[in-house]
Amino acid sequence: MSYRCGPSDWIDLAIGRLEDAKRSIAAGMGPTACGELRQARRCLNRALIMVAEEKEIEKDWSTR
């Protein structure tokens with residue numbers, strides 16, 4: 001069975017990346033933390049795009 005990642009899955013991934021960044025900052029690994037923050041931002045952006053696409057689909061169906 002195939003599993004499709006939804007917006008909530010991407011948000012969960014972003015939260016995990018933020019937690020990783022927090023640990024990296026505490027360990028004094030600034031460059032690693034920056035990479036984790038970038039990955040978190042990408043995950044959140046993907047979730048927002050998916051929600052926007054779903055809303056457009058719903059809007060399209062509701063106008064028919």
# chains A, B, ... in the order shown; residues from 1 in each chain; ligands from 1
>>> select_by_dssp(residues="chain A", states="alpha helix (DSSP H)", output="mmCIF file with C-alpha atoms, in the first residue's frame")
data_model
loop_
_atom_site.group_PDB
_atom_site.id
_atom_site.type_symbol
_atom_site.label_atom_id
_atom_site.label_comp_id
_atom_site.auth_asym_id
_atom_site.auth_seq_id
_atom_site.Cartn_x
_atom_site.Cartn_y
_atom_site.Cartn_z
ATOM 1 C CA PRO A 7 0.149 18.701 5.149
ATOM 2 C CA SER A 8 0.126 17.387 8.726
ATOM 3 C CA ASP A 9 2.954 14.985 7.869
ATOM 4 C CA TRP A 10 5.057 17.843 6.490
ATOM 5 C CA ILE A 11 4.351 19.893 9.616
ATOM 6 C CA ASP A 12 5.470 16.941 11.775
ATOM 7 C CA LEU A 13 8.686 16.776 9.755
ATOM 8 C CA ALA A 14 9.218 20.518 10.243
ATOM 9 C CA ILE A 15 8.757 20.168 14.009
ATOM 10 C CA GLY A 16 11.327 17.382 14.040
ATOM 11 C CA ARG A 17 13.778 19.585 12.132
ATOM 12 C CA LEU A 18 13.205 22.438 14.592
ATOM 13 C CA GLU A 19 13.918 20.089 17.490
ATOM 14 C CA ASP A 20 17.110 18.963 15.737
ATOM 15 C CA ALA A 21 18.133 22.596 15.262
ATOM 16 C CA LYS A 22 17.524 23.282 18.951
ATOM 17 C CA ARG A 23 19.814 20.385 19.900
ATOM 18 C CA SER A 24 22.458 21.590 17.426
ATOM 19 C CA ILE A 25 22.387 25.094 18.896
ATOM 20 C CA ALA A 26 22.734 23.696 22.419
ATOM 21 C CA GLY A 30 25.622 26.650 14.476
ATOM 22 C CA PRO A 31 26.091 25.651 10.807
ATOM 23 C CA THR A 32 24.218 22.396 11.397
ATOM 24 C CA ALA A 33 21.404 24.318 13.083
ATOM 25 C CA CYS A 34 21.131 26.619 10.057
ATOM 26 C CA GLY A 35 20.719 23.618 7.776
ATOM 27 C CA GLU A 36 18.042 22.162 10.008
ATOM 28 C CA LEU A 37 16.184 25.492 10.069
ATOM 29 C CA ARG A 38 16.283 25.633 6.267
ATOM 30 C CA GLN A 39 14.861 22.114 6.080
ATOM 31 C CA ALA A 40 12.108 23.041 8.546
ATOM 32 C CA ARG A 41 11.195 26.045 6.401
ATOM 33 C CA ARG A 42 11.003 23.841 3.296
ATOM 34 C CA CYS A 43 8.732 21.386 5.089
ATOM 35 C CA LEU A 44 6.412 24.165 6.255
ATOM 36 C CA ASN A 45 6.348 25.695 2.776
ATOM 37 C CA ARG A 46 5.380 22.324 1.294
ATOM 38 C CA ALA A 47 2.552 21.972 3.816
ATOM 39 C CA LEU A 48 1.277 25.477 3.009
ATOM 40 C CA ILE A 49 1.395 24.779 -0.720
ATOM 41 C CA MET A 50 -0.557 21.559 -0.252
ATOM 42 C CA VAL A 51 -3.246 23.310 1.811
ATOM 43 C CA ALA A 52 -3.510 26.100 -0.774
ATOM 44 C CA GLU A 53 -3.862 23.544 -3.575
ATOM 45 C CA GLU A 54 -6.578 21.700 -1.658
ATOM 46 C CA LYS A 55 -8.470 24.955 -1.097
ATOM 47 C CA GLU A 56 -8.250 25.776 -4.810
ATOM 48 C CA ILE A 57 -9.618 22.330 -5.666
ATOM 49 C CA GLU A 58 -12.494 22.793 -3.205
ATOM 50 C CA LYS A 59 -13.143 26.280 -4.582
ATOM 51 C CA ASP A 60 -13.150 24.928 -8.133
ATOM 52 C CA TRP A 61 -15.643 22.191 -7.252
ATOM 53 C CA SER A 62 -17.910 24.544 -5.321
#
